[in-house]
Amino acid sequence: CDEVPEVPEIEITDNCDEEVDVTFTEEIIDGICEDSYQIVWTWVAIDDCENMSEAMTTITVQDTTNPEWDGDLPEDMTIECDQEIPAAWCPNAIDNCDDDVLVELTEEIIEGDCPQEYTIERICRAFDNCGNMIIHASYVYVVDTTAPVVVAADDQTVECDQELPAPDYTVEDNCDTAPVVEVTSETIDGECPQEYTMIRTYTATDACGNVSSDEQVITVVDTTAPVVVAADDLVLECTDEVPGPDYTVSDNCDLDPQVEVTSEIIDGDCPQEYTMIRTYTATDACGNTSSDEQVITVQDTVAPEVVAADDVTVECDEELPAPDYTVSDNCDTAPVVEVTSEIIDGDCPQ
């Protein structure tokens, strides 16, 4: 279509006539498109005697050449799912015959392996008016390669009788509005049964399988001493039996704290009196200790009982009886008896 020849000059001769009348006609026969048609050239020569001859040339014009892109073509690209998708475009196209090439752009979304990943297929097509076409395909690969960001709650230290804090975290993702968080725990024994360390791991996974994690360390300690309460202080008579150790003990975490009982004797003012200080020392399994005291005072407030011999009457020439008595005490096995005498004069010297 871009090489249509010009009407050629033709030579006409006649056997007798020096000048022959020549008629030229051109006929255009439409084809299937604007640049596809036939040109029929006809020459009719008539001499003076009306003798006639005719020459005909048919030129078939066709357009079999595709248009060409006039400019840079869009290239394939890969972008993250949270990035802005660039606008689609096609360059202009030129054609050897058609001054107004039609450029058409189509887009198709091709789903990927996860909701945040997909491919945009962009096809540029350029058509001339005879249906010759060129195609250029470019692809925008939308991917999700960014892991979620999970942030565990702050590390904590709690007493062994406190409730462990519930799992706590924040999570966000560049594209997934609801990444899944799995919480796992590992327990590491401490130096005593009531103390340990729990390591909580928060693992976040988005819909495209990107993973990240963070840890929270919960330290469980036992810093509280047992509570031991000694029995009430006592004041006893020396004849009373000293009761055995008596106390109550409890602990915030240890079900069976150990209690050691020690005693200190402080002498009193006499052998039968003394003070006993009992110390109750409670220790839990983590070594926390507390103590309480019970004071037992032993006293002797009962006097000995002395019984003198019966009264007697003797003649002045008889020997006076020796001192005679019996003595007993509630605690002292050998109370000391002092004998004193007082003489009261009678009516005569004898």
# chains A, B, ... in the order shown; residues from 1 in each chain; ligands from 1

call {"tool": "residues_around", "arguments": {"residues": "Ile10 (chain A)", "least_positions_apart": "4", "cutoff": "12 Å", "atoms": "only C-alpha atoms", "output": "PDB file with C-alpha atoms, in the first residue's frame"}}
result
ATOM      1  CA  VAL A  22      -6.194   7.632 -26.738  1.00  0.00           C
ATOM      2  CA  THR A  23      -8.607   7.537 -23.822  1.00  0.00           C
ATOM      3  CA  PHE A  24      -7.324   6.642 -20.287  1.00  0.00           C
ATOM      4  CA  TRP A  41      -6.008   1.287 -15.633  1.00  0.00           C
ATOM      5  CA  THR A  42      -7.531   1.133 -19.123  1.00  0.00           C
ATOM      6  CA  TRP A  43      -6.188   2.700 -22.292  1.00  0.00           C
ATOM      7  CA  VAL A  44      -8.459   2.776 -25.408  1.00  0.00           C
ATOM      8  CA  ALA A  45      -6.843   3.800 -28.762  1.00  0.00           C
ATOM      9  CA  GLU A  54      -7.548  -1.593 -25.629  1.00  0.00           C
ATOM     10  CA  ALA A  55      -4.842  -2.142 -23.015  1.00  0.00           C
ATOM     11  CA  MET A  56      -5.624  -2.843 -19.367  1.00  0.00           C
ATOM     12  CA  THR A  57      -3.426  -3.024 -16.263  1.00  0.00           C
TER      13      THR A  57
END

call {"tool": "residues_around", "arguments": {"residues": "Asp14 (chain A)", "least_positions_apart": "3", "cutoff": "10 Å", "atoms": "only C-alpha atoms", "output": "PyMOL selection string"}}
result
chain A and resi 17-20+45-48+51

call {"tool": "write_last_selection", "arguments": {"atoms": "all heavy atoms", "output": "mmCIF file, in the first residue's frame"}}
result
data_model
loop_
_atom_site.group_PDB
_atom_site.id
_atom_site.type_symbol
_atom_site.label_atom_id
_atom_site.label_comp_id
_atom_site.auth_asym_id
_atom_site.auth_seq_id
_atom_site.Cartn_x
_atom_site.Cartn_y
_atom_site.Cartn_z
ATOM 1 N N ASP A 17 -2.329 5.911 -39.419
ATOM 2 C CA ASP A 17 -2.686 7.190 -38.787
ATOM 3 C C ASP A 17 -1.506 7.654 -37.938
ATOM 4 O O ASP A 17 -0.999 6.913 -37.094
ATOM 5 C CB ASP A 17 -3.938 6.976 -37.940
ATOM 6 C CG ASP A 17 -4.583 8.287 -37.579
ATOM 7 O OD1 ASP A 17 -3.941 9.336 -37.755
ATOM 8 O OD2 ASP A 17 -5.725 8.225 -37.065
ATOM 9 N N GLU A 18 -1.125 8.856 -38.163
ATOM 10 C CA GLU A 18 0.000 9.353 -37.398
ATOM 11 C C GLU A 18 -0.434 9.767 -35.986
ATOM 12 O O GLU A 18 0.350 9.712 -35.046
ATOM 13 C CB GLU A 18 0.631 10.545 -38.119
ATOM 14 C CG GLU A 18 1.315 10.169 -39.428
ATOM 15 C CD GLU A 18 1.979 11.349 -40.097
ATOM 16 O OE1 GLU A 18 1.878 12.465 -39.491
ATOM 17 O OE2 GLU A 18 2.596 11.158 -41.143
ATOM 18 N N GLU A 19 -1.636 10.208 -35.789
ATOM 19 C CA GLU A 19 -2.122 10.594 -34.464
ATOM 20 C C GLU A 19 -3.349 9.771 -34.123
ATOM 21 O O GLU A 19 -4.331 9.778 -34.877
ATOM 22 C CB GLU A 19 -2.470 12.077 -34.430
ATOM 23 C CG GLU A 19 -1.267 12.990 -34.524
ATOM 24 C CD GLU A 19 -1.645 14.444 -34.335
ATOM 25 O OE1 GLU A 19 -2.822 14.693 -33.952
ATOM 26 O OE2 GLU A 19 -0.779 15.304 -34.483
ATOM 27 N N VAL A 20 -3.216 9.059 -33.053
ATOM 28 C CA VAL A 20 -4.288 8.167 -32.618
ATOM 29 C C VAL A 20 -4.906 8.785 -31.356
ATOM 30 O O VAL A 20 -4.209 9.228 -30.435
ATOM 31 C CB VAL A 20 -3.757 6.757 -32.321
ATOM 32 C CG1 VAL A 20 -4.871 5.872 -31.813
ATOM 33 C CG2 VAL A 20 -3.115 6.171 -33.580
ATOM 34 N N ALA A 45 -7.398 3.046 -27.603
ATOM 35 C CA ALA A 45 -6.843 3.800 -28.762
ATOM 36 C C ALA A 45 -7.765 3.610 -29.977
ATOM 37 O O ALA A 45 -8.114 2.468 -30.333
ATOM 38 C CB ALA A 45 -5.433 3.318 -29.065
ATOM 39 N N ILE A 46 -8.146 4.726 -30.606
ATOM 40 C CA ILE A 46 -9.030 4.686 -31.794
ATOM 41 C C ILE A 46 -8.366 5.527 -32.897
ATOM 42 O O ILE A 46 -8.040 6.696 -32.662
ATOM 43 C CB ILE A 46 -10.425 5.259 -31.471
ATOM 44 C CG1 ILE A 46 -11.071 4.474 -30.294
ATOM 45 C CG2 ILE A 46 -11.308 5.236 -32.711
ATOM 46 C CD1 ILE A 46 -12.373 5.074 -29.841
ATOM 47 N N ASP A 47 -8.164 4.885 -34.064
ATOM 48 C CA ASP A 47 -7.569 5.653 -35.187
ATOM 49 C C ASP A 47 -8.658 6.364 -35.969
ATOM 50 O O ASP A 47 -9.856 6.284 -35.613
ATOM 51 C CB ASP A 47 -6.705 4.749 -36.078
ATOM 52 C CG ASP A 47 -7.509 3.652 -36.775
ATOM 53 O OD1 ASP A 47 -8.754 3.751 -36.796
ATOM 54 O OD2 ASP A 47 -6.878 2.694 -37.255
ATOM 55 N N ASP A 48 -8.260 7.004 -37.066
ATOM 56 C CA ASP A 48 -9.223 7.799 -37.826
ATOM 57 C C ASP A 48 -10.303 6.946 -38.480
ATOM 58 O O ASP A 48 -11.375 7.460 -38.865
ATOM 59 C CB ASP A 48 -8.491 8.609 -38.906
ATOM 60 C CG ASP A 48 -7.615 9.688 -38.294
ATOM 61 O OD1 ASP A 48 -7.895 10.057 -37.098
ATOM 62 O OD2 ASP A 48 -6.643 10.141 -38.904
ATOM 63 N N ASN A 51 -10.832 2.215 -36.034
ATOM 64 C CA ASN A 51 -10.247 0.967 -35.529
ATOM 65 C C ASN A 51 -9.818 1.196 -34.076
ATOM 66 O O ASN A 51 -9.251 2.251 -33.728
ATOM 67 C CB ASN A 51 -9.043 0.557 -36.380
ATOM 68 C CG ASN A 51 -9.437 0.260 -37.822
ATOM 69 O OD1 ASN A 51 -10.275 -0.578 -38.073
ATOM 70 N ND2 ASN A 51 -8.833 0.982 -38.783
#

call {"tool": "closest_residue", "arguments": {"among": "A:Asp324, A:Asp100, A:Asp329, A:Asp267", "to": "Phe127 (chain A)", "atoms": "only C-alpha atoms"}}
result
A:Asp100

call {"tool": "closest_residue", "arguments": {"among": "A:Glu163, A:Asp233, A:Glu121, A:Asp82", "to": "Glu107 (chain A)", "atoms": "only C-alpha atoms"}}
result
A:Glu121

call {"tool": "select_by_dssp", "arguments": {"residues": "region 180-288 of chain A", "states": "strand (DSSP E or B)", "output": "PyMOL selection string"}}
result
chain A and resi 180-189+196-205+211-221+227-230+234-237+247-250+258-267+274-283

call {"tool": "atom_distance", "arguments": {"atom1": "CA of Ile109 (chain A)", "atom2": "CA of Ser212 (chain A)"}}
result
29.1 Å

call {"tool": "residues_around", "arguments": {"residues": "Pro335 (chain A)", "least_positions_apart": "6", "cutoff": "10 Å", "atoms": "only C-alpha atoms", "output": "mmCIF file with all heavy atoms, in the first residue's frame"}}
result
data_model
loop_
_atom_site.group_PDB
_atom_site.id
_atom_site.type_symbol
_atom_site.label_atom_id
_atom_site.label_comp_id
_atom_site.auth_asym_id
_atom_site.auth_seq_id
_atom_site.Cartn_x
_atom_site.Cartn_y
_atom_site.Cartn_z
ATOM 1 N N ALA A 303 5.516 -21.550 149.064
ATOM 2 C CA ALA A 303 6.455 -21.680 150.198
ATOM 3 C C ALA A 303 6.546 -23.134 150.655
ATOM 4 O O ALA A 303 5.597 -23.909 150.495
ATOM 5 C CB ALA A 303 5.995 -20.799 151.360
ATOM 6 N N PRO A 304 7.714 -23.479 151.241
ATOM 7 C CA PRO A 304 7.806 -24.835 151.798
ATOM 8 C C PRO A 304 6.796 -24.995 152.950
ATOM 9 O O PRO A 304 6.339 -23.999 153.527
ATOM 10 C CB PRO A 304 9.235 -24.916 152.329
ATOM 11 C CG PRO A 304 9.953 -23.757 151.698
ATOM 12 C CD PRO A 304 8.940 -22.703 151.429
ATOM 13 N N GLU A 305 6.471 -26.211 153.269
ATOM 14 C CA GLU A 305 5.546 -26.492 154.386
ATOM 15 C C GLU A 305 6.366 -27.197 155.496
ATOM 16 O O GLU A 305 6.887 -28.293 155.276
ATOM 17 C CB GLU A 305 4.397 -27.380 153.918
ATOM 18 C CG GLU A 305 3.387 -27.630 155.008
ATOM 19 C CD GLU A 305 2.216 -28.483 154.512
ATOM 20 O OE1 GLU A 305 2.054 -28.598 153.252
ATOM 21 O OE2 GLU A 305 1.483 -29.022 155.337
ATOM 22 N N VAL A 306 6.479 -26.492 156.628
ATOM 23 C CA VAL A 306 7.210 -27.061 157.767
ATOM 24 C C VAL A 306 6.215 -27.309 158.906
ATOM 25 O O VAL A 306 5.369 -26.459 159.183
ATOM 26 C CB VAL A 306 8.354 -26.118 158.218
ATOM 27 C CG1 VAL A 306 7.863 -24.768 158.707
ATOM 28 C CG2 VAL A 306 9.191 -26.787 159.342
ATOM 29 N N VAL A 327 9.490 -31.178 157.036
ATOM 30 C CA VAL A 327 9.452 -30.092 156.067
ATOM 31 C C VAL A 327 9.301 -30.674 154.651
ATOM 32 O O VAL A 327 9.837 -31.742 154.353
ATOM 33 C CB VAL A 327 10.733 -29.223 156.159
ATOM 34 C CG1 VAL A 327 11.985 -29.998 155.804
ATOM 35 C CG2 VAL A 327 10.587 -27.969 155.298
ATOM 36 N N SER A 328 8.537 -29.991 153.831
ATOM 37 C CA SER A 328 8.375 -30.400 152.412
ATOM 38 C C SER A 328 8.193 -29.150 151.550
ATOM 39 O O SER A 328 7.804 -28.078 152.043
ATOM 40 C CB SER A 328 7.168 -31.325 152.252
ATOM 41 O OG SER A 328 5.962 -30.644 152.585
ATOM 42 N N ASP A 329 8.536 -29.310 150.260
ATOM 43 C CA ASP A 329 8.386 -28.183 149.303
ATOM 44 C C ASP A 329 7.900 -28.733 147.970
ATOM 45 O O ASP A 329 8.183 -29.883 147.620
ATOM 46 C CB ASP A 329 9.715 -27.460 149.136
ATOM 47 C CG ASP A 329 9.558 -26.185 148.309
ATOM 48 O OD1 ASP A 329 8.975 -25.216 148.805
ATOM 49 O OD2 ASP A 329 10.011 -26.180 147.131
#

call {"tool": "closest_residue", "arguments": {"among": "A:Asp144, A:Asp189, A:Glu172, A:Asp269", "to": "Cys81 (chain A)", "atoms": "only C-alpha atoms"}}
result
A:Asp144

call {"tool": "closest_residue", "arguments": {"among": "A:Asn92, A:Thr25, A:Thr13, A:Thr177", "to": "Val40 (chain A)", "atoms": "only C-alpha atoms"}}
result
A:Thr25

call {"tool": "closest_residue", "arguments": {"among": "A:Leu164, A:Cys270, A:Ile85, A:Val101", "to": "Asp332 (chain A)", "atoms": "only C-alpha atoms"}}
result
A:Cys270

call {"tool": "residues_around", "arguments": {"residues": "region 195-205 of chain A", "least_positions_apart": "4", "cutoff": "7 Å", "atoms": "only C-alpha atoms", "output": "tab-separated table (two decimals) with all heavy atoms, in the first residue's frame"}}
result
chain	number	residue	atom	x	y	z
A	148	PRO	N	5.32	-10.21	58.97
A	148	PRO	CA	4.60	-9.38	59.95
A	148	PRO	C	5.56	-8.91	61.05
A	148	PRO	O	6.63	-9.48	61.24
A	148	PRO	CB	3.54	-10.34	60.52
A	148	PRO	CG	3.51	-11.51	59.59
A	148	PRO	CD	4.85	-11.59	58.95
A	150	VAL	N	5.62	-8.64	64.96
A	150	VAL	CA	4.97	-8.99	66.22
A	150	VAL	C	5.85	-8.49	67.35
A	150	VAL	O	7.07	-8.67	67.33
A	150	VAL	CB	4.71	-10.51	66.32
A	150	VAL	CG1	5.99	-11.31	66.25
A	150	VAL	CG2	3.94	-10.84	67.60
A	152	ALA	N	6.13	-8.67	71.44
A	152	ALA	CA	5.65	-9.29	72.68
A	152	ALA	C	5.55	-8.24	73.77
A	152	ALA	O	6.21	-7.19	73.74
A	152	ALA	CB	6.61	-10.41	73.09
A	160	CYS	N	5.62	-16.11	93.06
A	160	CYS	CA	5.14	-17.45	92.73
A	160	CYS	C	3.67	-17.66	93.03
A	160	CYS	O	3.04	-18.57	92.46
A	160	CYS	CB	5.97	-18.51	93.45
A	160	CYS	SG	6.01	-18.30	95.26
A	179	PRO	N	-2.80	-11.21	60.42
A	179	PRO	CA	-1.83	-12.30	60.48
A	179	PRO	C	-2.10	-13.18	61.70
A	179	PRO	O	-2.61	-12.71	62.73
A	179	PRO	CB	-0.49	-11.57	60.60
A	179	PRO	CG	-0.83	-10.21	61.10
A	179	PRO	CD	-2.19	-9.89	60.58
A	180	VAL	N	-1.79	-14.45	61.58
A	180	VAL	CA	-2.03	-15.42	62.65
A	180	VAL	C	-0.84	-15.44	63.59
A	180	VAL	O	0.32	-15.47	63.15
A	180	VAL	CB	-2.26	-16.82	62.06
A	180	VAL	CG1	-2.43	-17.85	63.17
A	180	VAL	CG2	-3.50	-16.81	61.16
A	181	VAL	N	-1.11	-15.40	64.90
A	181	VAL	CA	-0.05	-15.43	65.91
A	181	VAL	C	-0.19	-16.71	66.74
A	181	VAL	O	-1.24	-16.98	67.31
A	181	VAL	CB	-0.09	-14.20	66.83
A	181	VAL	CG1	1.00	-14.30	67.89
A	181	VAL	CG2	0.09	-12.92	66.01
A	182	GLU	N	0.87	-17.49	66.76
A	182	GLU	CA	0.92	-18.71	67.58
A	182	GLU	C	1.80	-18.44	68.81
A	182	GLU	O	2.88	-17.88	68.69
A	182	GLU	CB	1.49	-19.87	66.78
A	182	GLU	CG	1.58	-21.17	67.56
A	182	GLU	CD	2.25	-22.29	66.78
A	182	GLU	OE1	2.78	-22.00	65.68
A	182	GLU	OE2	2.27	-23.43	67.26
A	183	VAL	N	1.28	-18.84	69.97
A	183	VAL	CA	2.00	-18.61	71.22
A	183	VAL	C	2.45	-19.96	71.78
A	183	VAL	O	1.64	-20.86	72.00
A	183	VAL	CB	1.12	-17.88	72.26
A	183	VAL	CG1	1.92	-17.60	73.52
A	183	VAL	CG2	0.57	-16.59	71.68
A	184	THR	N	3.76	-20.10	71.97
A	184	THR	CA	4.32	-21.31	72.58
A	184	THR	C	5.12	-20.90	73.80
A	184	THR	O	5.61	-19.77	73.91
A	184	THR	CB	5.21	-22.07	71.59
A	184	THR	OG1	6.26	-21.21	71.13
A	184	THR	CG2	4.40	-22.54	70.39
A	185	SER	N	5.27	-21.85	74.73
A	185	SER	CA	5.96	-21.55	75.99
A	185	SER	C	7.00	-22.62	76.28
A	185	SER	O	6.78	-23.82	76.02
A	185	SER	CB	4.96	-21.49	77.16
A	185	SER	OG	4.02	-20.46	76.94
A	186	GLU	N	8.10	-22.18	76.84
A	186	GLU	CA	9.14	-23.09	77.33
A	186	GLU	C	9.43	-22.71	78.78
A	186	GLU	O	9.59	-21.53	79.09
A	186	GLU	CB	10.41	-22.96	76.50
A	186	GLU	CG	11.56	-23.81	77.00
A	186	GLU	CD	12.87	-23.51	76.29
A	186	GLU	OE1	12.89	-22.60	75.44
A	186	GLU	OE2	13.88	-24.17	76.61
A	187	THR	N	9.48	-23.72	79.65
A	187	THR	CA	9.72	-23.46	81.07
A	187	THR	C	11.10	-23.98	81.46
A	187	THR	O	11.44	-25.14	81.18
A	187	THR	CB	8.64	-24.14	81.93
A	187	THR	OG1	7.35	-23.60	81.58
A	187	THR	CG2	8.89	-23.88	83.40
A	188	ILE	N	11.87	-23.12	82.09
A	188	ILE	CA	13.22	-23.48	82.55
A	188	ILE	C	13.20	-23.45	84.08
A	188	ILE	O	12.88	-22.42	84.69
A	188	ILE	CB	14.26	-22.49	82.01
A	188	ILE	CG1	14.23	-22.49	80.47
A	188	ILE	CG2	15.65	-22.84	82.51
A	188	ILE	CD1	15.09	-21.42	79.84
A	189	ASP	N	13.54	-24.60	84.69
A	189	ASP	CA	13.52	-24.70	86.14
A	189	ASP	C	14.50	-23.72	86.76
A	189	ASP	O	15.58	-23.44	86.22
A	189	ASP	CB	13.87	-26.12	86.59
A	189	ASP	CG	12.79	-27.12	86.21
A	189	ASP	OD1	11.64	-26.69	86.00
A	189	ASP	OD2	13.09	-28.33	86.12
A	190	GLY	N	14.12	-23.21	87.95
A	190	GLY	CA	14.99	-22.32	88.70
A	190	GLY	C	15.78	-23.09	89.75
A	190	GLY	O	15.92	-24.32	89.69
A	191	GLU	N	16.28	-22.37	90.75
A	191	GLU	CA	17.12	-22.99	91.77
A	191	GLU	C	16.31	-23.66	92.87
A	191	GLU	O	16.87	-24.33	93.73
A	191	GLU	CB	18.05	-21.93	92.37
A	191	GLU	CG	19.03	-21.37	91.33
A	191	GLU	CD	19.93	-20.29	91.91
A	191	GLU	OE1	19.70	-19.94	93.09
A	191	GLU	OE2	20.82	-19.83	91.20
A	209	GLY	N	2.73	-16.70	54.15
A	209	GLY	CA	3.73	-17.57	54.76
A	209	GLY	C	4.96	-16.86	55.29
A	209	GLY	O	5.91	-17.52	55.72
A	210	ASN	N	4.99	-15.54	55.29
A	210	ASN	CA	6.11	-14.81	55.88
A	210	ASN	C	5.99	-14.87	57.40
A	210	ASN	O	4.90	-14.71	57.95
A	210	ASN	CB	6.11	-13.36	55.40
A	210	ASN	CG	6.24	-13.26	53.89
A	210	ASN	OD1	7.23	-13.69	53.31
A	210	ASN	ND2	5.22	-12.68	53.25
A	211	VAL	N	7.13	-15.08	58.06
A	211	VAL	CA	7.11	-15.39	59.50
A	211	VAL	C	8.10	-14.48	60.24
A	211	VAL	O	9.19	-14.19	59.74
A	211	VAL	CB	7.48	-16.87	59.74
A	211	VAL	CG1	7.55	-17.17	61.24
A	211	VAL	CG2	6.48	-17.79	59.07
A	212	SER	N	7.69	-14.05	61.43
A	212	SER	CA	8.61	-13.40	62.37
A	212	SER	C	8.17	-13.76	63.78
A	212	SER	O	7.06	-14.25	63.98
A	212	SER	CB	8.61	-11.88	62.18
A	212	SER	OG	7.39	-11.33	62.63
A	213	SER	N	9.06	-13.53	64.74
A	213	SER	CA	8.72	-13.90	66.11
A	213	SER	C	9.37	-12.94	67.10
A	213	SER	O	10.31	-12.21	66.76
A	213	SER	CB	9.16	-15.34	66.42
A	213	SER	OG	10.56	-15.46	66.29
A	214	ASP	N	8.86	-12.94	68.31
A	214	ASP	CA	9.42	-12.15	69.41
A	214	ASP	C	9.19	-12.94	70.69
A	214	ASP	O	8.28	-13.79	70.76
A	214	ASP	CB	8.74	-10.77	69.48
A	214	ASP	CG	9.52	-9.80	70.36
A	214	ASP	OD1	10.71	-10.06	70.62
A	214	ASP	OD2	8.94	-8.78	70.79
A	215	GLU	N	10.01	-12.67	71.69
A	215	GLU	CA	9.95	-13.42	72.94
A	215	GLU	C	9.61	-12.52	74.11
A	215	GLU	O	9.97	-11.34	74.14
A	215	GLU	CB	11.28	-14.12	73.23
A	215	GLU	CG	11.57	-15.29	72.33
A	215	GLU	CD	12.86	-16.01	72.69
A	215	GLU	OE1	13.64	-15.47	73.52
A	215	GLU	OE2	13.11	-17.10	72.14
A	216	GLN	N	8.92	-13.11	75.06
A	216	GLN	CA	8.64	-12.47	76.34
A	216	GLN	C	9.14	-13.40	77.44
A	216	GLN	O	8.83	-14.60	77.44
A	216	GLN	CB	7.14	-12.22	76.52
A	216	GLN	CG	6.77	-11.61	77.87
A	216	GLN	CD	5.28	-11.64	78.14
A	216	GLN	OE1	4.56	-12.49	77.60
A	216	GLN	NE2	4.79	-10.74	78.95
A	217	VAL	N	9.93	-12.85	78.36
A	217	VAL	CA	10.49	-13.65	79.46
A	217	VAL	C	9.73	-13.31	80.74
A	217	VAL	O	9.69	-12.15	81.17
A	217	VAL	CB	11.99	-13.39	79.63
A	217	VAL	CG1	12.52	-14.20	80.81
A	217	VAL	CG2	12.74	-13.74	78.36
A	218	ILE	N	9.11	-14.33	81.34
A	218	ILE	CA	8.40	-14.17	82.61
A	218	ILE	C	9.19	-14.93	83.67
A	218	ILE	O	9.34	-16.16	83.60
A	218	ILE	CB	6.96	-14.71	82.51
A	218	ILE	CG1	6.19	-13.95	81.43
A	218	ILE	CG2	6.26	-14.58	83.85
A	218	ILE	CD1	4.82	-14.52	81.13
A	219	THR	N	9.71	-14.18	84.64
A	219	THR	CA	10.52	-14.78	85.70
A	219	THR	C	9.65	-14.92	86.95
A	219	THR	O	9.13	-13.92	87.46
A	219	THR	CB	11.75	-13.92	86.00
A	219	THR	OG1	12.50	-13.73	84.80
A	219	THR	CG2	12.63	-14.58	87.05
A	220	VAL	N	9.48	-16.16	87.40
A	220	VAL	CA	8.68	-16.44	88.60
A	220	VAL	C	9.65	-16.63	89.77
A	220	VAL	O	10.55	-17.48	89.71
A	220	VAL	CB	7.80	-17.69	88.40
A	220	VAL	CG1	7.01	-17.98	89.67
A	220	VAL	CG2	6.87	-17.50	87.21
A	221	VAL	N	9.48	-15.82	90.81
A	221	VAL	CA	10.39	-15.85	91.95
A	221	VAL	C	9.60	-16.11	93.23
A	221	VAL	O	8.38	-15.95	93.28
A	221	VAL	CB	11.16	-14.52	92.07
A	221	VAL	CG1	12.03	-14.28	90.84
A	221	VAL	CG2	10.21	-13.35	92.28
A	222	ASP	N	10.35	-16.54	94.25
A	222	ASP	CA	9.78	-16.71	95.59
A	222	ASP	C	10.64	-15.89	96.53
A	222	ASP	O	11.72	-16.33	96.95
A	222	ASP	CB	9.76	-18.18	95.99
A	222	ASP	CG	9.10	-18.40	97.35
A	222	ASP	OD1	8.66	-17.40	97.96
A	222	ASP	OD2	9.01	-19.56	97.79

call {"tool": "atom_distance", "arguments": {"atom1": "CA of Ala322 (chain A)", "atom2": "CA of Val336 (chain A)"}}
result
17.2 Å

call {"tool": "residues_around", "arguments": {"residues": "Asp310 (chain A)", "least_positions_apart": "2", "cutoff": "10 Å", "atoms": "only C-alpha atoms", "output": "MDAnalysis selection string"}}
result
chainID A and resid 307:308 312 324:325

call {"tool": "closest_residue", "arguments": {"among": "A:Glu159, A:Asp176, A:Glu237, A:Glu315", "to": "Ala225 (chain A)", "atoms": "only C-alpha atoms"}}
result
A:Glu159

call {"tool": "residues_around", "arguments": {"residues": "Gln116 (chain A)", "least_positions_apart": "5", "cutoff": "10 Å", "atoms": "only C-alpha atoms", "output": "mmCIF file with N, CA and C atoms, in the first residue's frame"}}
result
data_model
loop_
_atom_site.group_PDB
_atom_site.id
_atom_site.type_symbol
_atom_site.label_atom_id
_atom_site.label_comp_id
_atom_site.auth_asym_id
_atom_site.auth_seq_id
_atom_site.Cartn_x
_atom_site.Cartn_y
_atom_site.Cartn_z
ATOM 1 N N GLU A 80 6.253 -4.740 45.846
ATOM 2 C CA GLU A 80 5.699 -5.265 47.091
ATOM 3 C C GLU A 80 4.213 -4.926 47.161
ATOM 4 N N CYS A 81 3.468 -5.766 47.859
ATOM 5 C CA CYS A 81 2.007 -5.638 47.866
ATOM 6 C C CYS A 81 1.523 -4.328 48.470
ATOM 7 N N ASP A 82 2.351 -3.653 49.278
ATOM 8 C CA ASP A 82 1.912 -2.388 49.855
ATOM 9 C C ASP A 82 2.381 -1.178 49.053
ATOM 10 N N GLU A 111 -4.496 -14.527 39.754
ATOM 11 C CA GLU A 111 -4.307 -14.766 41.178
ATOM 12 C C GLU A 111 -3.021 -15.535 41.442
ATOM 13 N N VAL A 142 3.028 -8.665 41.689
ATOM 14 C CA VAL A 142 2.798 -8.141 43.031
ATOM 15 C C VAL A 142 3.100 -9.258 44.022
ATOM 16 N N VAL A 143 4.073 -9.024 44.902
ATOM 17 C CA VAL A 143 4.523 -10.071 45.821
ATOM 18 C C VAL A 143 4.421 -9.572 47.262
ATOM 19 N N ASP A 144 4.442 -10.522 48.178
ATOM 20 C CA ASP A 144 4.476 -10.214 49.609
ATOM 21 C C ASP A 144 5.666 -10.953 50.193
ATOM 22 N N THR A 145 6.756 -10.241 50.371
ATOM 23 C CA THR A 145 7.968 -10.837 50.942
ATOM 24 C C THR A 145 8.296 -10.258 52.315
ATOM 25 N N ASN A 174 2.288 -5.489 56.534
ATOM 26 C CA ASN A 174 2.191 -4.465 55.494
ATOM 27 C C ASN A 174 0.966 -4.662 54.607
ATOM 28 N N CYS A 175 0.470 -5.909 54.487
ATOM 29 C CA CYS A 175 -0.647 -6.173 53.576
ATOM 30 C C CYS A 175 -1.765 -6.992 54.218
ATOM 31 N N ASP A 176 -1.405 -7.938 55.068
ATOM 32 C CA ASP A 176 -2.398 -8.824 55.682
ATOM 33 C C ASP A 176 -2.995 -8.131 56.898
ATOM 34 N N ASP A 206 1.872 -14.368 58.138
ATOM 35 C CA ASP A 206 0.836 -13.747 57.303
ATOM 36 C C ASP A 206 0.308 -14.754 56.291
ATOM 37 N N ALA A 207 -0.663 -14.331 55.500
ATOM 38 C CA ALA A 207 -1.337 -15.255 54.583
ATOM 39 C C ALA A 207 -0.419 -15.774 53.495
ATOM 40 N N CYS A 208 0.712 -15.122 53.298
ATOM 41 C CA CYS A 208 1.665 -15.559 52.271
ATOM 42 C C CYS A 208 2.816 -16.356 52.865
#

call {"tool": "residues_around", "arguments": {"residues": "Val249 (chain A)", "least_positions_apart": "4", "cutoff": "12 Å", "atoms": "only C-alpha atoms", "output": "PyMOL selection string"}}
result
chain A and resi 225-231+254-260+280-284+289-292
